[in-house]
Amino acid sequence: MKIAITGSIGSGKSLVGSYLRSLGYTVIDTDTLVHEFYGSSNILYQAVVDVFGLDVLDDAGEIDRKKLGQRVFSDALALNDLESIVHPAVADYIQTYNAEGVTVFFEVPMLFESEMDEYFDSVLMIDVDEDLSLERLVLRGTSRGDALSRLKHQMDPKLKIEKSSAVIHNNSSIDDLYRNIDAYLEELGGVA
């Protein structure tokens, strides 16, 4: 069984993934996967350099994610170009991942925007109030302007909720979040 974990930026997807890992579940973070794909010996490197040029590379010749992020989040066309490179690679990985006999969770931030929801048996949406999301992003070192820009590029959370199989609201304490995850897993029948 393949289950997607999604939600807006700052909703707590990574925290949910970490908790599930601590319970022994396999959780694949697609952002981390993409960062690996950006490596100079990996599948996305040349496509990104071909589209965005050498100015997105660091001194060692590797893709500088910060430079790339600044470029794409200030230019909708550039973001679209990047997504047209990244999303097919991630979708291919998800489709070919063999989850036979086990339950595997995938953290997929732009699940519905990239139309990858069709590759999953179930979707768990982590929802958070926008003000709290912004507060969390600023605490992580993201400027308020950058955070608002990134949120603007994502689907309305209400639409994500409608499209999801289950929703956990993450507007309270970490302990409450963990209790909600436990309840979700119990509803799934204690999947392993």
# chains A, B, ... in the order shown; residues from 1 in each chain; ligands from 1
>>> residues_around(residues="Val72 of chain A", least_positions_apart="4", cutoff="12 Å", atoms="only C-alpha atoms", output="number ranges by chain")
A: 48, 51-52, 56, 65-68, 76-83, 146, 149-150, 153
>>> select_by_dssp(residues="segment 9-79 of chain A", states="helix (DSSP H, G or I)", output="ChimeraX atom specification")
/A:13-22,30-37,45-52,54-56,65-72,76-79
>>> residues_around(residues="Leu188 of chain A", least_positions_apart="2", cutoff="12 Å", atoms="only C-alpha atoms", output="JSON, numbers by chain")
{"A": [1, 3, 103, 121, 122, 123, 124, 165, 166, 181, 182, 183, 184, 185, 186, 190, 191, 192]}
>>> residues_around(residues="Ser41 of chain A", least_positions_apart="6", cutoff="12 Å", atoms="only C-alpha atoms", output="ChimeraX atom specification")
/A:35,47,61-63
>>> write_last_selection(atoms="N, CA and C atoms", output="PDB file, in the first residue's frame")
ATOM      1  N   HIS A  35      16.496  16.234  -4.088  1.00  0.00           N
ATOM      2  CA  HIS A  35      17.843  16.750  -3.812  1.00  0.00           C
ATOM      3  C   HIS A  35      18.900  15.745  -4.251  1.00  0.00           C
ATOM      4  N   ALA A  47      19.455  18.151 -16.881  1.00  0.00           N
ATOM      5  CA  ALA A  47      18.238  18.839 -17.326  1.00  0.00           C
ATOM      6  C   ALA A  47      18.105  20.204 -16.651  1.00  0.00           C
ATOM      7  N   GLY A  61      30.447  22.938  -8.522  1.00  0.00           N
ATOM      8  CA  GLY A  61      29.776  22.466  -9.729  1.00  0.00           C
ATOM      9  C   GLY A  61      28.491  21.705  -9.471  1.00  0.00           C
ATOM     10  N   GLU A  62      28.021  21.730  -8.237  1.00  0.00           N
ATOM     11  CA  GLU A  62      26.759  21.070  -7.894  1.00  0.00           C
ATOM     12  C   GLU A  62      25.627  22.088  -7.941  1.00  0.00           C
ATOM     13  N   ILE A  63      24.401  21.612  -8.090  1.00  0.00           N
ATOM     14  CA  ILE A  63      23.247  22.510  -8.093  1.00  0.00           C
ATOM     15  C   ILE A  63      23.092  23.110  -6.703  1.00  0.00           C
TER      16      ILE A  63
END
